[in-house]
>>> print(open('work-v5.cif').read())   # mmCIF, N, CA and C atoms
data_work
loop_
_atom_site.label_atom_id
_atom_site.label_comp_id
_atom_site.auth_asym_id
_atom_site.auth_seq_id
_atom_site.Cartn_x
_atom_site.Cartn_y
_atom_site.Cartn_z
N MET A 851 0.84 -1.19 0.00
CA MET A 851 0.00 0.00 0.00
C MET A 851 0.88 1.25 0.00
N GLN A 852 0.58 2.17 -0.90
CA GLN A 852 1.39 3.39 -0.98
C GLN A 852 1.01 4.38 0.10
N ASN A 853 1.96 5.22 0.44
CA ASN A 853 1.76 6.20 1.50
C ASN A 853 1.26 7.51 0.90
N ILE A 854 0.03 7.89 1.18
CA ILE A 854 -0.56 9.12 0.66
C ILE A 854 -0.32 10.24 1.67
N ASN A 855 0.24 11.34 1.19
CA ASN A 855 0.51 12.48 2.06
C ASN A 855 0.41 13.75 1.21
N ILE A 856 -0.78 14.34 1.14
CA ILE A 856 -1.02 15.53 0.33
C ILE A 856 -0.91 16.74 1.23
N LYS A 857 0.03 17.66 0.92
CA LYS A 857 0.31 18.79 1.79
C LYS A 857 -0.20 20.11 1.20
N ASN A 858 -0.46 21.05 2.10
CA ASN A 858 -0.79 22.42 1.73
C ASN A 858 0.46 23.25 2.02
N LYS A 859 1.37 23.32 1.04
CA LYS A 859 2.65 23.98 1.25
C LYS A 859 2.49 25.48 1.46
N ARG A 860 1.48 26.05 0.86
CA ARG A 860 1.28 27.49 0.95
C ARG A 860 0.85 27.92 2.35
N ALA A 861 0.19 27.03 3.07
CA ALA A 861 -0.32 27.37 4.40
C ALA A 861 0.81 27.74 5.35
N SER A 862 1.92 27.03 5.30
CA SER A 862 3.03 27.33 6.21
C SER A 862 3.69 28.65 5.86
N PHE A 863 3.57 29.09 4.62
CA PHE A 863 4.12 30.38 4.21
C PHE A 863 3.19 31.52 4.62
N GLU A 864 1.89 31.32 4.48
CA GLU A 864 0.90 32.37 4.76
C GLU A 864 0.54 32.50 6.23
N TYR A 865 0.68 31.41 7.01
CA TYR A 865 0.20 31.40 8.39
C TYR A 865 1.27 30.92 9.36
N GLU A 866 1.11 31.36 10.61
CA GLU A 866 1.94 30.89 11.71
C GLU A 866 1.09 29.89 12.50
N PHE A 867 1.52 28.64 12.55
CA PHE A 867 0.73 27.59 13.21
C PHE A 867 0.86 27.69 14.73
N ILE A 868 -0.27 27.61 15.41
CA ILE A 868 -0.29 27.68 16.86
C ILE A 868 -0.51 26.30 17.46
N GLU A 869 -1.48 25.57 16.92
CA GLU A 869 -1.80 24.24 17.43
C GLU A 869 -2.35 23.40 16.29
N LYS A 870 -2.02 22.09 16.29
CA LYS A 870 -2.47 21.20 15.22
C LYS A 870 -3.39 20.12 15.78
N PHE A 871 -4.34 19.69 14.96
CA PHE A 871 -5.30 18.64 15.31
C PHE A 871 -5.41 17.67 14.14
N ILE A 872 -5.78 16.42 14.45
CA ILE A 872 -6.06 15.41 13.43
C ILE A 872 -7.57 15.18 13.43
N ALA A 873 -8.18 15.32 12.24
CA ALA A 873 -9.63 15.17 12.12
C ALA A 873 -9.95 14.14 11.04
N GLY A 874 -11.05 13.43 11.22
CA GLY A 874 -11.55 12.55 10.18
C GLY A 874 -12.32 13.39 9.18
N ILE A 875 -12.52 12.86 7.98
CA ILE A 875 -13.28 13.56 6.94
C ILE A 875 -14.47 12.70 6.56
N GLN A 876 -15.64 13.32 6.46
CA GLN A 876 -16.83 12.60 6.02
C GLN A 876 -16.85 12.61 4.50
N LEU A 877 -16.59 11.44 3.89
CA LEU A 877 -16.51 11.32 2.44
C LEU A 877 -17.66 10.49 1.91
N PHE A 878 -18.03 10.72 0.66
CA PHE A 878 -19.10 9.98 0.02
C PHE A 878 -18.61 9.34 -1.28
N GLY A 879 -19.12 8.18 -1.58
CA GLY A 879 -18.91 7.54 -2.87
C GLY A 879 -17.46 7.32 -3.24
N THR A 880 -17.06 7.91 -4.36
CA THR A 880 -15.75 7.64 -4.95
C THR A 880 -14.66 8.58 -4.45
N GLU A 881 -14.94 9.41 -3.46
CA GLU A 881 -13.95 10.38 -2.99
C GLU A 881 -12.71 9.71 -2.39
N ILE A 882 -12.89 8.64 -1.64
CA ILE A 882 -11.76 7.98 -1.01
C ILE A 882 -10.85 7.34 -2.07
N LYS A 883 -11.43 6.87 -3.15
CA LYS A 883 -10.63 6.27 -4.22
C LYS A 883 -9.77 7.32 -4.91
N SER A 884 -10.31 8.52 -5.08
CA SER A 884 -9.53 9.60 -5.68
C SER A 884 -8.41 10.05 -4.75
N ILE A 885 -8.68 10.09 -3.44
CA ILE A 885 -7.64 10.47 -2.48
C ILE A 885 -6.53 9.42 -2.48
N ARG A 886 -6.89 8.15 -2.52
CA ARG A 886 -5.87 7.09 -2.55
C ARG A 886 -5.04 7.15 -3.82
N ALA A 887 -5.63 7.70 -4.89
CA ALA A 887 -4.88 7.87 -6.14
C ALA A 887 -4.05 9.16 -6.11
N GLY A 888 -4.19 9.95 -5.04
CA GLY A 888 -3.41 11.18 -4.90
C GLY A 888 -3.99 12.36 -5.65
N LYS A 889 -5.26 12.31 -5.98
CA LYS A 889 -5.90 13.35 -6.79
C LYS A 889 -6.70 14.32 -5.93
N ALA A 890 -6.02 14.95 -4.98
CA ALA A 890 -6.67 15.93 -4.12
C ALA A 890 -5.76 17.14 -3.95
N SER A 891 -6.37 18.29 -3.65
CA SER A 891 -5.60 19.52 -3.46
C SER A 891 -6.20 20.34 -2.32
N LEU A 892 -5.32 20.92 -1.51
CA LEU A 892 -5.75 21.74 -0.37
C LEU A 892 -5.52 23.24 -0.60
N VAL A 893 -5.11 23.62 -1.80
CA VAL A 893 -4.83 25.02 -2.08
C VAL A 893 -6.11 25.85 -1.93
N ASP A 894 -6.03 26.97 -1.26
CA ASP A 894 -7.15 27.89 -1.01
C ASP A 894 -8.29 27.28 -0.21
N SER A 895 -8.01 26.28 0.59
CA SER A 895 -9.06 25.70 1.42
C SER A 895 -8.96 26.25 2.84
N TYR A 896 -10.08 26.28 3.52
CA TYR A 896 -10.15 26.76 4.90
C TYR A 896 -11.31 26.08 5.60
N CYS A 897 -11.38 26.23 6.92
CA CYS A 897 -12.42 25.58 7.72
C CYS A 897 -13.27 26.64 8.41
N TYR A 898 -14.55 26.32 8.60
CA TYR A 898 -15.45 27.23 9.32
C TYR A 898 -16.49 26.43 10.08
N PHE A 899 -17.12 27.09 11.06
CA PHE A 899 -18.14 26.45 11.89
C PHE A 899 -19.54 26.80 11.40
N THR A 900 -20.41 25.81 11.35
CA THR A 900 -21.84 25.99 11.10
C THR A 900 -22.58 25.07 12.05
N ARG A 901 -23.45 25.63 12.87
CA ARG A 901 -24.25 24.86 13.83
C ARG A 901 -23.38 23.91 14.65
N ASN A 902 -22.30 24.44 15.22
CA ASN A 902 -21.37 23.69 16.08
C ASN A 902 -20.72 22.49 15.39
N GLU A 903 -20.62 22.53 14.06
CA GLU A 903 -19.93 21.49 13.31
C GLU A 903 -18.89 22.17 12.42
N LEU A 904 -17.76 21.51 12.22
CA LEU A 904 -16.66 22.07 11.46
C LEU A 904 -16.67 21.52 10.04
N TYR A 905 -16.59 22.43 9.05
CA TYR A 905 -16.59 22.05 7.64
C TYR A 905 -15.35 22.60 6.97
N VAL A 906 -14.86 21.88 5.95
CA VAL A 906 -13.75 22.37 5.14
C VAL A 906 -14.31 22.77 3.77
N VAL A 907 -13.90 23.96 3.31
CA VAL A 907 -14.38 24.52 2.04
C VAL A 907 -13.18 24.72 1.12
N GLY A 908 -13.38 24.49 -0.16
CA GLY A 908 -12.33 24.75 -1.14
C GLY A 908 -11.39 23.60 -1.37
N MET A 909 -11.59 22.49 -0.68
CA MET A 909 -10.75 21.31 -0.91
C MET A 909 -11.21 20.65 -2.21
N HIS A 910 -10.28 20.39 -3.11
CA HIS A 910 -10.61 19.83 -4.41
C HIS A 910 -10.21 18.36 -4.44
N ILE A 911 -11.18 17.49 -4.69
CA ILE A 911 -10.92 16.07 -4.91
C ILE A 911 -11.41 15.76 -6.32
N SER A 912 -10.49 15.40 -7.21
CA SER A 912 -10.83 15.15 -8.62
C SER A 912 -11.81 13.99 -8.75
N GLU A 913 -12.56 14.00 -9.85
CA GLU A 913 -13.49 12.90 -10.11
C GLU A 913 -12.71 11.61 -10.28
N TYR A 914 -13.31 10.52 -9.83
CA TYR A 914 -12.69 9.21 -9.96
C TYR A 914 -12.80 8.77 -11.42
N LYS A 915 -11.67 8.39 -11.99
CA LYS A 915 -11.61 8.09 -13.42
C LYS A 915 -12.54 6.94 -13.84
N PHE A 916 -12.69 5.94 -12.97
CA PHE A 916 -13.50 4.78 -13.31
C PHE A 916 -14.91 4.85 -12.74
N GLY A 917 -15.29 6.02 -12.21
CA GLY A 917 -16.63 6.17 -11.62
C GLY A 917 -17.68 6.33 -12.69
N SER A 918 -18.90 5.97 -12.35
CA SER A 918 -20.01 6.11 -13.28
C SER A 918 -20.77 7.39 -12.93
N TYR A 919 -22.06 7.39 -13.10
CA TYR A 919 -22.85 8.57 -12.77
C TYR A 919 -22.95 8.77 -11.26
N TYR A 920 -22.38 7.84 -10.47
CA TYR A 920 -22.33 7.99 -9.01
C TYR A 920 -21.14 8.83 -8.57
N ASN A 921 -20.38 9.39 -9.51
CA ASN A 921 -19.19 10.15 -9.17
C ASN A 921 -19.55 11.34 -8.28
N HIS A 922 -18.59 11.79 -7.49
CA HIS A 922 -18.81 12.85 -6.51
C HIS A 922 -18.61 14.24 -7.11
N GLU A 923 -19.09 15.24 -6.37
CA GLU A 923 -18.88 16.64 -6.72
C GLU A 923 -17.47 17.02 -6.27
N GLU A 924 -16.73 17.73 -7.12
CA GLU A 924 -15.31 17.97 -6.85
C GLU A 924 -15.04 18.94 -5.70
N LYS A 925 -15.79 20.05 -5.62
CA LYS A 925 -15.48 21.09 -4.63
C LYS A 925 -16.63 21.31 -3.66
N ARG A 926 -17.13 20.29 -3.06
CA ARG A 926 -18.22 20.47 -2.10
C ARG A 926 -17.66 20.67 -0.70
N GLU A 927 -18.51 21.13 0.20
CA GLU A 927 -18.11 21.27 1.60
C GLU A 927 -18.11 19.88 2.23
N ARG A 928 -17.08 19.60 3.02
CA ARG A 928 -16.97 18.30 3.67
C ARG A 928 -16.87 18.49 5.17
N LYS A 929 -17.62 17.68 5.89
CA LYS A 929 -17.66 17.77 7.35
C LYS A 929 -16.41 17.13 7.93
N LEU A 930 -15.82 17.79 8.93
CA LEU A 930 -14.68 17.24 9.64
C LEU A 930 -15.15 16.63 10.95
N LEU A 931 -14.57 15.51 11.32
CA LEU A 931 -15.00 14.76 12.48
C LEU A 931 -13.97 14.88 13.61
N LEU A 932 -14.35 15.61 14.64
CA LEU A 932 -13.54 15.78 15.85
C LEU A 932 -14.43 15.52 17.04
N ASN A 933 -13.83 15.28 18.22
CA ASN A 933 -14.69 15.11 19.38
C ASN A 933 -15.17 16.48 19.88
N ARG A 934 -16.20 16.49 20.68
CA ARG A 934 -16.87 17.72 21.10
C ARG A 934 -15.93 18.66 21.84
N LYS A 935 -15.05 18.11 22.66
CA LYS A 935 -14.11 18.95 23.42
C LYS A 935 -13.20 19.74 22.48
N GLU A 936 -12.68 19.07 21.46
CA GLU A 936 -11.81 19.74 20.49
C GLU A 936 -12.58 20.78 19.68
N LEU A 937 -13.81 20.44 19.28
CA LEU A 937 -14.63 21.38 18.52
C LEU A 937 -14.91 22.64 19.33
N ASN A 938 -15.27 22.47 20.60
CA ASN A 938 -15.55 23.63 21.46
C ASN A 938 -14.31 24.50 21.63
N LYS A 939 -13.16 23.88 21.79
CA LYS A 939 -11.92 24.62 21.95
C LYS A 939 -11.60 25.44 20.70
N LEU A 940 -11.71 24.81 19.53
CA LEU A 940 -11.45 25.51 18.27
C LEU A 940 -12.44 26.65 18.04
N ASP A 941 -13.71 26.40 18.32
CA ASP A 941 -14.74 27.43 18.14
C ASP A 941 -14.47 28.63 19.03
N ARG A 942 -14.13 28.37 20.28
CA ARG A 942 -13.85 29.44 21.24
C ARG A 942 -12.64 30.27 20.80
N LYS A 943 -11.58 29.59 20.38
CA LYS A 943 -10.35 30.29 19.97
C LYS A 943 -10.57 31.15 18.72
N THR A 944 -11.32 30.64 17.76
CA THR A 944 -11.54 31.41 16.53
C THR A 944 -12.42 32.62 16.77
N LYS A 945 -13.37 32.52 17.70
CA LYS A 945 -14.27 33.64 17.97
C LYS A 945 -13.60 34.74 18.78
N GLU A 946 -12.83 34.37 19.79
CA GLU A 946 -12.33 35.39 20.71
C GLU A 946 -11.05 36.07 20.25
N SER A 947 -10.16 35.37 19.56
CA SER A 947 -8.87 35.97 19.27
C SER A 947 -8.57 36.16 17.79
N GLY A 948 -9.53 35.94 16.92
CA GLY A 948 -9.33 36.20 15.50
C GLY A 948 -8.41 35.22 14.80
N LEU A 949 -8.29 34.01 15.33
CA LEU A 949 -7.48 32.98 14.68
C LEU A 949 -8.32 32.29 13.61
N THR A 950 -7.67 31.56 12.74
CA THR A 950 -8.38 30.83 11.70
C THR A 950 -7.93 29.37 11.69
N ILE A 951 -8.71 28.52 11.03
CA ILE A 951 -8.40 27.10 10.94
C ILE A 951 -8.12 26.76 9.49
N VAL A 952 -6.94 26.19 9.24
CA VAL A 952 -6.51 25.88 7.88
C VAL A 952 -6.08 24.42 7.80
N PRO A 953 -6.51 23.69 6.76
CA PRO A 953 -6.03 22.31 6.57
C PRO A 953 -4.58 22.33 6.10
N THR A 954 -3.74 21.48 6.70
CA THR A 954 -2.33 21.45 6.33
C THR A 954 -1.96 20.21 5.52
N ARG A 955 -2.63 19.07 5.77
CA ARG A 955 -2.33 17.89 4.96
C ARG A 955 -3.44 16.86 5.08
N ILE A 956 -3.50 15.97 4.08
CA ILE A 956 -4.41 14.82 4.07
C ILE A 956 -3.54 13.58 4.01
N PHE A 957 -3.90 12.58 4.78
CA PHE A 957 -3.15 11.32 4.75
C PHE A 957 -4.09 10.16 5.03
N ILE A 958 -3.62 8.96 4.73
CA ILE A 958 -4.37 7.73 5.01
C ILE A 958 -3.72 7.08 6.22
N ASN A 959 -4.51 6.81 7.27
CA ASN A 959 -3.93 6.21 8.48
C ASN A 959 -3.75 4.70 8.32
N ASP A 960 -3.30 4.04 9.38
CA ASP A 960 -3.01 2.60 9.34
C ASP A 960 -4.25 1.76 9.04
N LYS A 961 -5.42 2.24 9.46
CA LYS A 961 -6.66 1.48 9.25
C LYS A 961 -7.26 1.73 7.87
N GLY A 962 -6.67 2.66 7.09
CA GLY A 962 -7.17 2.93 5.74
C GLY A 962 -8.15 4.08 5.67
N PHE A 963 -8.30 4.83 6.76
CA PHE A 963 -9.21 5.97 6.77
C PHE A 963 -8.49 7.25 6.36
N ALA A 964 -9.19 8.12 5.64
CA ALA A 964 -8.61 9.41 5.26
C ALA A 964 -8.70 10.35 6.46
N LYS A 965 -7.59 10.98 6.80
CA LYS A 965 -7.54 11.92 7.91
C LYS A 965 -6.98 13.23 7.41
N MET A 966 -7.36 14.31 8.08
CA MET A 966 -6.86 15.63 7.72
C MET A 966 -6.22 16.26 8.94
N GLU A 967 -5.04 16.82 8.74
CA GLU A 967 -4.38 17.56 9.80
C GLU A 967 -4.77 19.03 9.61
N ILE A 968 -5.38 19.61 10.63
CA ILE A 968 -5.76 21.02 10.56
C ILE A 968 -4.96 21.79 11.59
N ALA A 969 -4.78 23.07 11.34
CA ALA A 969 -3.99 23.89 12.26
C ALA A 969 -4.76 25.14 12.63
N LEU A 970 -4.71 25.48 13.90
CA LEU A 970 -5.21 26.75 14.39
C LEU A 970 -4.07 27.73 14.15
N CYS A 971 -4.32 28.78 13.38
CA CYS A 971 -3.20 29.63 12.99
C CYS A 971 -3.57 31.10 12.91
N ARG A 972 -2.51 31.91 12.86
CA ARG A 972 -2.62 33.36 12.76
C ARG A 972 -1.92 33.77 11.47
N GLY A 973 -2.50 34.68 10.72
CA GLY A 973 -1.90 35.13 9.47
C GLY A 973 -0.60 35.87 9.69
N LYS A 974 0.38 35.62 8.80
CA LYS A 974 1.67 36.30 8.90
C LYS A 974 1.58 37.68 8.25
N LYS A 975 2.36 38.60 8.75
CA LYS A 975 2.50 39.91 8.13
C LYS A 975 3.49 39.79 6.97
N HIS A 976 3.57 40.84 6.16
CA HIS A 976 4.43 40.83 4.99
C HIS A 976 5.90 40.62 5.36
N TYR A 977 6.35 41.28 6.43
CA TYR A 977 7.75 41.15 6.83
C TYR A 977 8.05 39.76 7.38
N ASP A 978 7.05 39.10 7.98
CA ASP A 978 7.24 37.72 8.44
C ASP A 978 7.45 36.77 7.26
N LYS A 979 6.72 37.02 6.17
CA LYS A 979 6.86 36.18 4.99
C LYS A 979 8.24 36.34 4.37
N ARG A 980 8.75 37.58 4.35
CA ARG A 980 10.10 37.81 3.83
C ARG A 980 11.14 37.08 4.67
N GLU A 981 10.93 37.11 5.99
CA GLU A 981 11.84 36.42 6.90
C GLU A 981 11.82 34.91 6.65
N SER A 982 10.64 34.37 6.38
CA SER A 982 10.52 32.93 6.08
C SER A 982 11.30 32.57 4.82
N LEU A 983 11.21 33.43 3.81
CA LEU A 983 11.95 33.19 2.57
C LEU A 983 13.46 33.24 2.80
N LYS A 984 13.91 34.19 3.63
CA LYS A 984 15.34 34.30 3.94
C LYS A 984 15.83 33.04 4.65
N GLN A 985 15.06 32.56 5.62
CA GLN A 985 15.45 31.35 6.35
C GLN A 985 15.50 30.14 5.43
N LYS A 986 14.54 30.05 4.52
CA LYS A 986 14.49 28.94 3.58
C LYS A 986 15.71 28.96 2.66
N ASP A 987 16.07 30.15 2.15
CA ASP A 987 17.25 30.28 1.29
C ASP A 987 18.53 29.94 2.05
N HIS A 988 18.60 30.42 3.29
CA HIS A 988 19.77 30.15 4.12
C HIS A 988 19.94 28.65 4.37
N LYS A 989 18.84 27.98 4.66
CA LYS A 989 18.88 26.53 4.90
C LYS A 989 19.30 25.78 3.63
N ARG A 990 18.82 26.23 2.49
CA ARG A 990 19.18 25.61 1.22
C ARG A 990 20.68 25.76 0.96
N GLU A 991 21.23 26.95 1.25
CA GLU A 991 22.66 27.19 1.07
C GLU A 991 23.51 26.29 1.99
N ILE A 992 23.09 26.15 3.23
CA ILE A 992 23.80 25.29 4.18
C ILE A 992 23.77 23.84 3.71
N ASP A 993 22.61 23.37 3.26
CA ASP A 993 22.48 22.00 2.75
C ASP A 993 23.39 21.78 1.53
N ARG A 994 23.47 22.79 0.67
CA ARG A 994 24.29 22.70 -0.51
C ARG A 994 25.78 22.60 -0.13
N MET A 995 26.18 23.37 0.89
CA MET A 995 27.57 23.33 1.36
C MET A 995 27.91 21.99 2.01
N MET A 996 26.96 21.41 2.74
CA MET A 996 27.19 20.14 3.42
C MET A 996 27.35 18.98 2.44
N LYS A 997 26.70 19.05 1.29
CA LYS A 997 26.77 17.97 0.32
C LYS A 997 28.12 17.93 -0.39
N ARG A 998 28.83 19.03 -0.40
CA ARG A 998 30.14 19.08 -1.08
C ARG A 998 31.20 18.38 -0.35
#
>>> encode(input="work-v5.cif", output="structure tokens")
Amino acid sequence: MQNINIKNKRASFEYEFIEKFIAGIQLFGTEIKSIRAGKASLVDSYCYFTRNELYVVGMHISEYKFGSYYNHEEKRERKLLLNRKELNKLDRKTKESGLTIVPTRIFINDKGFAKMEIALCRGKKHYDKRESLKQKDHKREIDRMMKR
């Protein structure tokens, strides 16, 4: 079995992660088959609360190639599955301090279930993003020197 690990690389550049959680995803029909094939994207996705339930919006799961008319909708809202204590904590933090919830990666666990890692995060300022780029370049230079 191949190891599926779909990351949202842009999230670490745009946001400063405060706390991370692992959530299950409520999937329908052929969505899990597309995820196992690696045909999913987290770019421009975010999470929000509706009626004390957490949903992810903007996550793209491509249509399953071998699916029939039972194929799924590519960009629908998907419910995230967390326990009530975690949901209450996330809801409280996002309301009181202006933090946001962003998906960082999708993976398949040992039991074969699709899981999503979400992060409670704060948006970076422009100068923070420049600093991140400088650190990344510096690390790349050091790695290049070590290989010689």
>>> resolve_selection(input="work-v5.cif", expression="the PyMOL selection byres (((chain A and resi 885 and name CA) around 12) and name CA)", output="PyMOL selection string")
chain A and resi 852-856+875+877-884+886-892+909-915+924+955-958+962-966
>>> residues_around(input="work-v5.cif", residues="Glu936 of chain A", least_positions_apart="4", cutoff="12 Å", atoms="only C-alpha atoms", output="list in words")
Glu869, Lys870, Phe871, Ile872, Ala873, Asn902, Glu903, Leu904, Leu930, Leu931, Leu932, Leu940, Asp941, Arg942, Lys943, Ile968 and Leu970 of chain A
>>> write_last_selection(input="work-v5.cif", atoms="N, CA and C atoms", output="CSV table (one decimal), in the coordinates of the input")
chain,number,residue,atom,x,y,z
A,869,GLU,N,-1.5,25.6,16.9
A,869,GLU,CA,-1.8,24.2,17.4
A,869,GLU,C,-2.4,23.4,16.3
A,870,LYS,N,-2.0,22.1,16.3
A,870,LYS,CA,-2.5,21.2,15.2
A,870,LYS,C,-3.4,20.1,15.8
A,871,PHE,N,-4.3,19.7,15.0
A,871,PHE,CA,-5.3,18.6,15.3
A,871,PHE,C,-5.4,17.7,14.1
A,872,ILE,N,-5.8,16.4,14.4
A,872,ILE,CA,-6.1,15.4,13.4
A,872,ILE,C,-7.6,15.2,13.4
A,873,ALA,N,-8.2,15.3,12.2
A,873,ALA,CA,-9.6,15.2,12.1
A,873,ALA,C,-10.0,14.1,11.0
A,902,ASN,N,-22.3,24.4,15.2
A,902,ASN,CA,-21.4,23.7,16.1
A,902,ASN,C,-20.7,22.5,15.4
A,903,GLU,N,-20.6,22.5,14.1
A,903,GLU,CA,-19.9,21.5,13.3
A,903,GLU,C,-18.9,22.2,12.4
A,904,LEU,N,-17.8,21.5,12.2
A,904,LEU,CA,-16.7,22.1,11.5
A,904,LEU,C,-16.7,21.5,10.0
A,930,LEU,N,-15.8,17.8,8.9
A,930,LEU,CA,-14.7,17.2,9.6
A,930,LEU,C,-15.2,16.6,11.0
A,931,LEU,N,-14.6,15.5,11.3
A,931,LEU,CA,-15.0,14.8,12.5
A,931,LEU,C,-14.0,14.9,13.6
A,932,LEU,N,-14.4,15.6,14.6
A,932,LEU,CA,-13.5,15.8,15.8
A,932,LEU,C,-14.4,15.5,17.0
A,940,LEU,N,-11.7,24.8,19.5
A,940,LEU,CA,-11.4,25.5,18.3
A,940,LEU,C,-12.4,26.6,18.0
A,941,ASP,N,-13.7,26.4,18.3
A,941,ASP,CA,-14.7,27.4,18.1
A,941,ASP,C,-14.5,28.6,19.0
A,942,ARG,N,-14.1,28.4,20.3
A,942,ARG,CA,-13.8,29.4,21.2
A,942,ARG,C,-12.6,30.3,20.8
A,943,LYS,N,-11.6,29.6,20.4
A,943,LYS,CA,-10.4,30.3,20.0
A,943,LYS,C,-10.6,31.2,18.7
A,968,ILE,N,-5.4,19.6,10.6
A,968,ILE,CA,-5.8,21.0,10.6
A,968,ILE,C,-5.0,21.8,11.6
A,970,LEU,N,-4.7,25.5,13.9
A,970,LEU,CA,-5.2,26.8,14.4
A,970,LEU,C,-4.1,27.7,14.2
>>> resolve_selection(input="work-v5.cif", expression="the PyMOL selection byres (((chain A and resi 954 and name CA) around 7) and name CA)", output="list in words")
Lys857, Asn858, Ala861, Val952, Pro953, Arg955, Glu967, Ile968 and Ala969 of chain A
>>> select_by_dssp(input="work-v5.cif", residues="chain A", states="alpha helix (DSSP H)", output="JSON, numbers by chain")
{"A": [859, 860, 861, 862, 863, 864, 881, 882, 883, 884, 885, 886, 934, 935, 936, 937, 938, 939, 940, 941, 942, 943, 944, 945, 946, 947, 976, 977, 978, 979, 980, 981, 982, 983, 984, 985, 986, 987, 988, 989, 990, 991, 992, 993, 994, 995, 996, 997]}
>>> atom_distance(input="work-v5.cif", atom1="atom CA of Lys974 of chain A", atom2="atom CA of Glu866 of chain A")
6.1 Å
>>> closest_residue(input="work-v5.cif", among="A:Asn933, A:Lys939, A:Tyr898, A:Gly973", to="Tyr865 of chain A", atoms="only N, CA and C atoms")
A:Gly973
>>> atom_distance(input="work-v5.cif", atom1="atom CA of Tyr920 of chain A", atom2="atom C of Tyr896 of chain A")
25.7 Å
>>> atom_distance(input="work-v5.cif", atom1="atom C of Glu981 of chain A", atom2="atom CA of Phe863 of chain A")
9.3 Å
>>> closest_residue(input="work-v5.cif", among="A:Arg928, A:Arg972, A:Lys997, A:Lys989", to="Phe899 of chain A", atoms="only C-alpha atoms")
A:Arg928
>>> select_by_dssp(input="work-v5.cif", residues="chain A", states="strand (DSSP E)", output="ChimeraX atom specification")
/A:855-857,865-875,890-891,896-900,903-907,910-911,928-931,950-958,964-973
